[in-house]
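Here is the structure we will look at, set down as structure tokens.
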Amino acid sequence: MTHVLTRPIFAFALAALVGVMPMAATAQDGNGADAGAYLAARSAAATNDYREGAQWFARALIADPENAVLLEGAVVSFIGQGDLALAADAAERLVATGGRSIAANIALLARDAKTDAYAAILAAPPERSIGNLLDQLVKAWAEFGSGKMSEAVAGFDAIAQTDGLKAFGLYHKALALAAVGDFEGADAILSGQAAGPLVVNRRGVIAHVQILSQLERQTEALALLDQTFGNEPEPQLIDLRAKLAAGTALPFDVVTNAREGIAEVFFTLAAALNGEAEDGYTLLYTRVAADLNPAHTEALLLSAGLLEQQGQMELAGEAYAAFAPDHPSFHQAEIGRAETLYARGLKDEALAALKALTVSHPGLTVVHMAYGDALRREDKFAESADAYSAAIALVAAPEQRHWGLFYSRGVAYERSSQWPKAEADFRKALDLNPDQPQVLNYLGYSFVDRGENLDEALGMIERAVAARPDAGYIIDSLAWAYFRLGRYQDALQPMENASLLEPVDPVVTDHLGDVYWAVGRQLEARFQWRRALSFEPTEKDAIRIRRKLEIGLDAVLVEEGAPPLTPVSNGN
């Protein structure tokens, strides 16, 4: 049985991926002729600004061409911005100075792989090592590229026999077998018949589907798609299903040669490193994978995502923009590009891109969901609800995984003063996922805020707290429910706990002030209200907080026509 990758099995392997040598070379301190360029380069490196770094390191090297620290920085910056050729040039100069660097080794290996210099890869000296696992996988593919299939298989088998690395060796062996037309052997591995169940990534599933198709086992291939991905209307999966249903043999194109095999090595290990290593280090791997195999969709998307996580929105946007409108993953890339536009303050452009996507890809739930999320972020709640409705209309039979659609639309309805519709959506979300803490909290809190169904609301919030005991905003809801029920002493401890968990949240801090006021601790209440004002509450909340500071909570409640503070003991 084939599964989608899960990270825990790779924890053991991380030691084999990294740690051969320090990233930075031991070198001069940058006291060359162009100190300004040196400082600017180091500043860019500190903020992961690869484009600026590439420019300033290159300039600094003009004055100090053999400075290994500058060369190392240039290599990393060039790879980060996606220029592997310049990275290899800088790496070659670094090695010539006697410097040693994993980044330089990566750049040189990428150049050798791109030029099909497999003999050079196999003859590389120990100091060119990147990491034990990567070295072994690459050498096995280099044997493959040299026409030595037996040696390649032996290399993959040796990896598979190493504790913790079995999945890597078997997966790449299966790809190599399929690349030479041994689809039976590849299927035996990927199906688990050869050596037990194998964990693979998305590309591994697609590879297995293609292999089954080549074996004229279209029904099994369709079943594997459905088992792994469900019935999501994703363009690539739609195309695969249509071809399989028509009896068309799918070509095996995940890996067709040694260069693409080495690209797959870098991507496989990037997937393992993602979330475990620094994003900048993982980016080195994804950039190489995409450079060696420009059609590697997953490497391109992961590179863009890593750049986004590092705050490099322009580079990320450019990576997302590399996908043509007719590409099966264009919608994913365009959603990512819109996010980078939004992060750069180009909100109208971001919304326009997502709106256009709903027109070009109207049958994709995720597209309407992304547009709804963007509208909601801009407080356009009624329009957001419409976008979520378009997404929900595409779901013929809602399943547990669709709870978020109804929850999101419920929030949009609630924020646009359409409470009956909101309540119905929240209850639908709970029908699909009864113990979902976000829904329990939001619906329970809404009931409390509206003064409705207070007993049911309290029960919902208590269930949410049990599920997420460290979530300050949920603890706040529990305390606020007690407060609205008149159980002020009961509200005190959870509200203080919520404040500790959310120390700069204006709503939680404001609520803490109200609870202090209700239990007679008026000086502390005023202190918390002032703190709440410093945390930039909404203008509506700020006006109310200032009024409480002027005349006190009791008087504000009178002005609002609300019931006075009336303590209740033990919920009675």
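Every chain in the structure tokens has a letter given in the order shown (A, B, ...), and although residue numbers restart at 1 in each chain, ligands are simply numbered from 1 in the order shown.
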
**Message:** Residues near range 140-145 of chain A, anyone? I mean within 6 Å using only C-alpha atoms, not counting same-chain ones fewer than 3 positions away, as number ranges by chain.
**Reply:** A: 118, 137, 148-149, 152, 155, 258

Residues from the last selection, C-alpha atoms, saved as a short mmCIF file (atom, residue, chain, number, x, y, z; two decimals), in the first residue's frame:
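Saved to out34.cif:
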data_model
loop_
_atom_site.label_atom_id
_atom_site.label_comp_id
_atom_site.auth_asym_id
_atom_site.auth_seq_id
_atom_site.Cartn_x
_atom_site.Cartn_y
_atom_site.Cartn_z
CA TYR A 118 28.75 11.43 -14.21
CA LEU A 137 21.90 8.36 -3.79
CA LYS A 148 26.07 0.80 -15.22
CA MET A 149 22.63 -0.38 -14.14
CA ALA A 152 23.26 1.63 -9.67
CA GLY A 155 24.00 1.35 -4.67
CA ALA A 258 20.07 10.26 -14.43
#

**Request:** Write out as an NGL selection string all residues of range 332-527 of chain A that backbone DSSP assigns to helix (DSSP H, G or I).
**Result:** :A and (332-343 or 347-360 or 365-377 or 381-393 or 400-415 or 419-432 or 437-450 or 454-467 or 472-484 or 488-501 or 506-518 or 522-527)

**Message:** Can you pull out the residues contacting Val180 in chain A? Cut-off 12 Å, using only C-alpha atoms, and skip same-chain residues under 2 positions away; I want them as a ChimeraX atom specification.
**Reply:** /A:144-145,147-149,152-153,173-178,182-186,211,252-253,255-258

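Put simply, CA of Arg100 in chain A is 24.5 Å away from CA of Asn274 in chain A.
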
As an mmCIF file with N, CA and C atoms, in the first residue's frame, please: the residues near Ala333 in chain A (cut-off 7 Å, only C-alpha atoms, same-chain neighbours under 5 positions excluded).
data_model
loop_
_atom_site.group_PDB
_atom_site.id
_atom_site.type_symbol
_atom_site.label_atom_id
_atom_site.label_comp_id
_atom_site.auth_asym_id
_atom_site.auth_seq_id
_atom_site.Cartn_x
_atom_site.Cartn_y
_atom_site.Cartn_z
ATOM 1 N N LEU A 301 7.205 24.719 -6.639
ATOM 2 C CA LEU A 301 6.253 25.201 -5.636
ATOM 3 C C LEU A 301 6.877 25.260 -4.249
ATOM 4 N N TYR A 320 6.407 31.650 -8.355
ATOM 5 C CA TYR A 320 5.013 31.265 -8.630
ATOM 6 C C TYR A 320 4.604 31.662 -10.053
ATOM 7 N N ALA A 321 5.103 32.800 -10.504
ATOM 8 C CA ALA A 321 4.710 33.311 -11.821
ATOM 9 C C ALA A 321 5.300 32.495 -12.971
ATOM 10 N N PHE A 323 4.675 29.560 -13.675
ATOM 11 C CA PHE A 323 3.700 28.592 -14.161
ATOM 12 C C PHE A 323 2.789 29.245 -15.197
#

**Prompt:** Quick one: distance from CA of Leu222 in chain A to CA of Ala245 in chain A in Å, one decimal?
**Reply:** 7.8 Å

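Using only C-alpha atoms, the residues found no farther than 8 Å from His361 in chain A, other than those of its own chain fewer than 4 positions away, are A:His331, A:Leu357, A:Val367.
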
Any chance you could tabulate, as a Markdown table, the residues of range 182-290 of chain A at most 12 Å from range 35-55 of chain A with each one's nearest atom pair and distance in Å to one decimal, using only C-alpha atoms, in chain and rising number order?
| residue | atom | partner | partner_atom | distance |
| --- | --- | --- | --- | --- |
| A:Glu278 | CA | A:Asn48 | CA | 11.1 |
| A:Asp279 | CA | A:Asn48 | CA | 9.7 |
| A:Gly280 | CA | A:Asn48 | CA | 7.4 |
| A:Tyr281 | CA | A:Asn48 | CA | 10.8 |
| A:Leu283 | CA | A:Asn48 | CA | 10.9 |
| A:Leu284 | CA | A:Tyr50 | CA | 11.5 |

Just N, CA and C atoms for this one: save the residues we selected as a CSV table (one decimal), in the first residue's frame.
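This is the output file selection.csv:
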chain,number,residue,atom,x,y,z
A,278,GLU,N,16.7,24.6,8.6
A,278,GLU,CA,16.4,26.0,8.3
A,278,GLU,C,15.9,26.1,6.9
A,279,ASP,N,14.9,27.0,6.7
A,279,ASP,CA,14.3,27.1,5.3
A,279,ASP,C,15.4,27.5,4.3
A,280,GLY,N,16.4,28.3,4.6
A,280,GLY,CA,17.4,28.6,3.7
A,280,GLY,C,18.2,27.4,3.2
A,281,TYR,N,18.5,26.5,4.1
A,281,TYR,CA,19.2,25.3,3.8
A,281,TYR,C,18.4,24.4,2.9
A,283,LEU,N,16.1,25.3,0.9
A,283,LEU,CA,16.0,26.0,-0.4
A,283,LEU,C,17.1,25.6,-1.3
A,284,LEU,N,18.3,25.4,-0.8
A,284,LEU,CA,19.4,25.0,-1.6
A,284,LEU,C,19.1,23.8,-2.4

**Item:** Contacts of Ala85 in chain A at 10 Å (only C-alpha atoms; same-chain gap of 2+ positions) as a PyMOL selection string
**Value:** chain A and resi 75+78-79+82-83+87-91+107-108+110-111+114+291

**Message:** If we count only C-alpha atoms and set the cut-off at 12 Å, which residues sit around Glu264 in chain A, ignoring sequence neighbours fewer than 4 positions away in its own chain? Please answer as JSON, numbers by chain.
**Reply:** {"A": [113, 134, 137, 138, 141, 168, 171, 172, 173, 175, 176, 201, 203, 204, 207, 254, 255, 256, 257, 258, 259, 260, 268, 269, 270, 271, 285, 286, 287, 288, 289, 290, 291, 292, 293, 294, 295, 296, 297, 298, 299]}

Output N, CA and C atoms for every residue in the selection just made, as a short mmCIF file (atom, residue, chain, number, x, y, z; two decimals), in the first residue's frame.
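Dumped to again.cif:
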data_model
loop_
_atom_site.label_atom_id
_atom_site.label_comp_id
_atom_site.auth_asym_id
_atom_site.auth_seq_id
_atom_site.Cartn_x
_atom_site.Cartn_y
_atom_site.Cartn_z
N ALA A 113 25.94 17.50 -12.66
CA ALA A 113 24.75 16.75 -13.04
C ALA A 113 24.09 17.37 -14.27
N LEU A 134 22.73 11.75 0.73
CA LEU A 134 22.69 12.39 -0.57
C LEU A 134 23.83 11.90 -1.45
N LEU A 137 22.97 8.36 -2.78
CA LEU A 137 21.90 8.36 -3.79
C LEU A 137 22.39 8.96 -5.11
N VAL A 138 23.13 10.05 -5.02
CA VAL A 138 23.63 10.69 -6.24
C VAL A 138 24.60 9.77 -6.97
N TRP A 141 22.74 7.18 -8.91
CA TRP A 141 22.20 7.73 -10.15
C TRP A 141 23.31 8.04 -11.15
N PHE A 168 14.26 5.60 1.28
CA PHE A 168 14.99 6.37 0.27
C PHE A 168 15.57 5.45 -0.79
N TYR A 171 12.72 3.68 -2.91
CA TYR A 171 12.00 4.60 -3.79
C TYR A 171 12.82 4.94 -5.03
N HIS A 172 14.08 5.28 -4.82
CA HIS A 172 14.91 5.65 -5.97
C HIS A 172 15.25 4.43 -6.83
N LYS A 173 15.35 3.28 -6.22
CA LYS A 173 15.54 2.07 -7.03
C LYS A 173 14.33 1.85 -7.93
N LEU A 175 12.28 4.09 -9.11
CA LEU A 175 12.30 5.07 -10.19
C LEU A 175 13.31 4.68 -11.27
N ALA A 176 14.47 4.19 -10.84
CA ALA A 176 15.49 3.79 -11.80
C ALA A 176 15.02 2.60 -12.63
N ASN A 201 6.17 10.16 -1.47
CA ASN A 201 5.54 11.47 -1.58
C ASN A 201 4.53 11.47 -2.73
N ARG A 203 4.72 12.68 -5.69
CA ARG A 203 5.31 12.26 -6.96
C ARG A 203 5.46 10.75 -7.02
N GLY A 204 5.73 10.15 -5.86
CA GLY A 204 5.83 8.70 -5.83
C GLY A 204 4.52 8.03 -6.17
N ALA A 207 4.04 8.45 -9.86
CA ALA A 207 4.93 7.50 -10.54
C ALA A 207 4.32 6.10 -10.54
N VAL A 254 8.13 10.70 -14.59
CA VAL A 254 8.58 11.28 -13.32
C VAL A 254 10.09 11.40 -13.32
N VAL A 255 10.77 10.35 -13.75
CA VAL A 255 12.23 10.36 -13.91
C VAL A 255 12.54 9.59 -15.18
N THR A 256 13.20 10.24 -16.14
CA THR A 256 13.52 9.57 -17.40
C THR A 256 15.01 9.40 -17.63
N ASN A 257 15.84 10.05 -16.83
CA ASN A 257 17.29 9.94 -17.00
C ASN A 257 17.98 10.23 -15.68
N ALA A 258 19.30 10.10 -15.67
CA ALA A 258 20.07 10.26 -14.43
C ALA A 258 20.00 11.68 -13.90
N ARG A 259 20.00 12.67 -14.81
CA ARG A 259 19.92 14.05 -14.36
C ARG A 259 18.63 14.28 -13.58
N GLU A 260 17.52 13.80 -14.12
CA GLU A 260 16.25 13.94 -13.41
C GLU A 260 16.23 13.10 -12.14
N THR A 268 13.56 14.88 -2.89
CA THR A 268 13.18 13.93 -1.85
C THR A 268 13.75 14.35 -0.50
N LEU A 269 15.02 14.74 -0.51
CA LEU A 269 15.64 15.14 0.74
C LEU A 269 15.14 16.51 1.20
N ALA A 270 14.79 17.39 0.26
CA ALA A 270 14.20 18.67 0.64
C ALA A 270 12.88 18.45 1.35
N ALA A 271 12.09 17.49 0.85
CA ALA A 271 10.82 17.19 1.51
C ALA A 271 11.05 16.67 2.92
N TYR A 285 18.38 22.83 -1.73
CA TYR A 285 18.01 21.55 -2.34
C TYR A 285 16.92 21.73 -3.39
N THR A 286 15.91 22.51 -3.07
CA THR A 286 14.80 22.66 -4.03
C THR A 286 15.23 23.44 -5.26
N ARG A 287 16.12 24.41 -5.08
CA ARG A 287 16.61 25.17 -6.23
C ARG A 287 17.40 24.26 -7.17
N VAL A 288 18.20 23.36 -6.62
CA VAL A 288 18.94 22.43 -7.46
C VAL A 288 17.98 21.50 -8.19
N ALA A 289 16.99 20.98 -7.47
CA ALA A 289 16.02 20.07 -8.09
C ALA A 289 15.33 20.74 -9.28
N ALA A 290 14.92 21.99 -9.09
CA ALA A 290 14.22 22.70 -10.16
C ALA A 290 15.16 23.05 -11.31
N ASP A 291 16.43 23.31 -11.00
CA ASP A 291 17.39 23.64 -12.05
C ASP A 291 17.70 22.41 -12.90
N LEU A 292 17.82 21.25 -12.27
CA LEU A 292 18.13 20.03 -13.01
C LEU A 292 16.91 19.50 -13.76
N ASN A 293 15.74 19.78 -13.25
CA ASN A 293 14.50 19.32 -13.89
C ASN A 293 13.49 20.47 -13.87
N PRO A 294 13.55 21.35 -14.86
CA PRO A 294 12.67 22.53 -14.87
C PRO A 294 11.19 22.19 -14.88
N ALA A 295 10.84 20.95 -15.21
CA ALA A 295 9.42 20.54 -15.20
C ALA A 295 8.99 19.99 -13.85
N HIS A 296 9.87 20.08 -12.85
CA HIS A 296 9.58 19.52 -11.52
C HIS A 296 8.65 20.47 -10.75
N THR A 297 7.36 20.26 -10.93
CA THR A 297 6.36 21.16 -10.34
C THR A 297 6.52 21.29 -8.83
N GLU A 298 6.68 20.18 -8.17
CA GLU A 298 6.74 20.21 -6.70
C GLU A 298 7.96 20.97 -6.20
N ALA A 299 9.09 20.83 -6.89
CA ALA A 299 10.29 21.57 -6.49
C ALA A 299 10.10 23.06 -6.67
#

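For the set A:Ala246, A:Val465, A:Ala481, A:Leu341, the residue with the smallest atom-to-atom gap to Asp449 in chain A is A:Ala481, counting only C-alpha atoms.
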
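Between CA of Ile335 in chain A and CA of Trp403 in chain A there is a distance of 21.0 Å.
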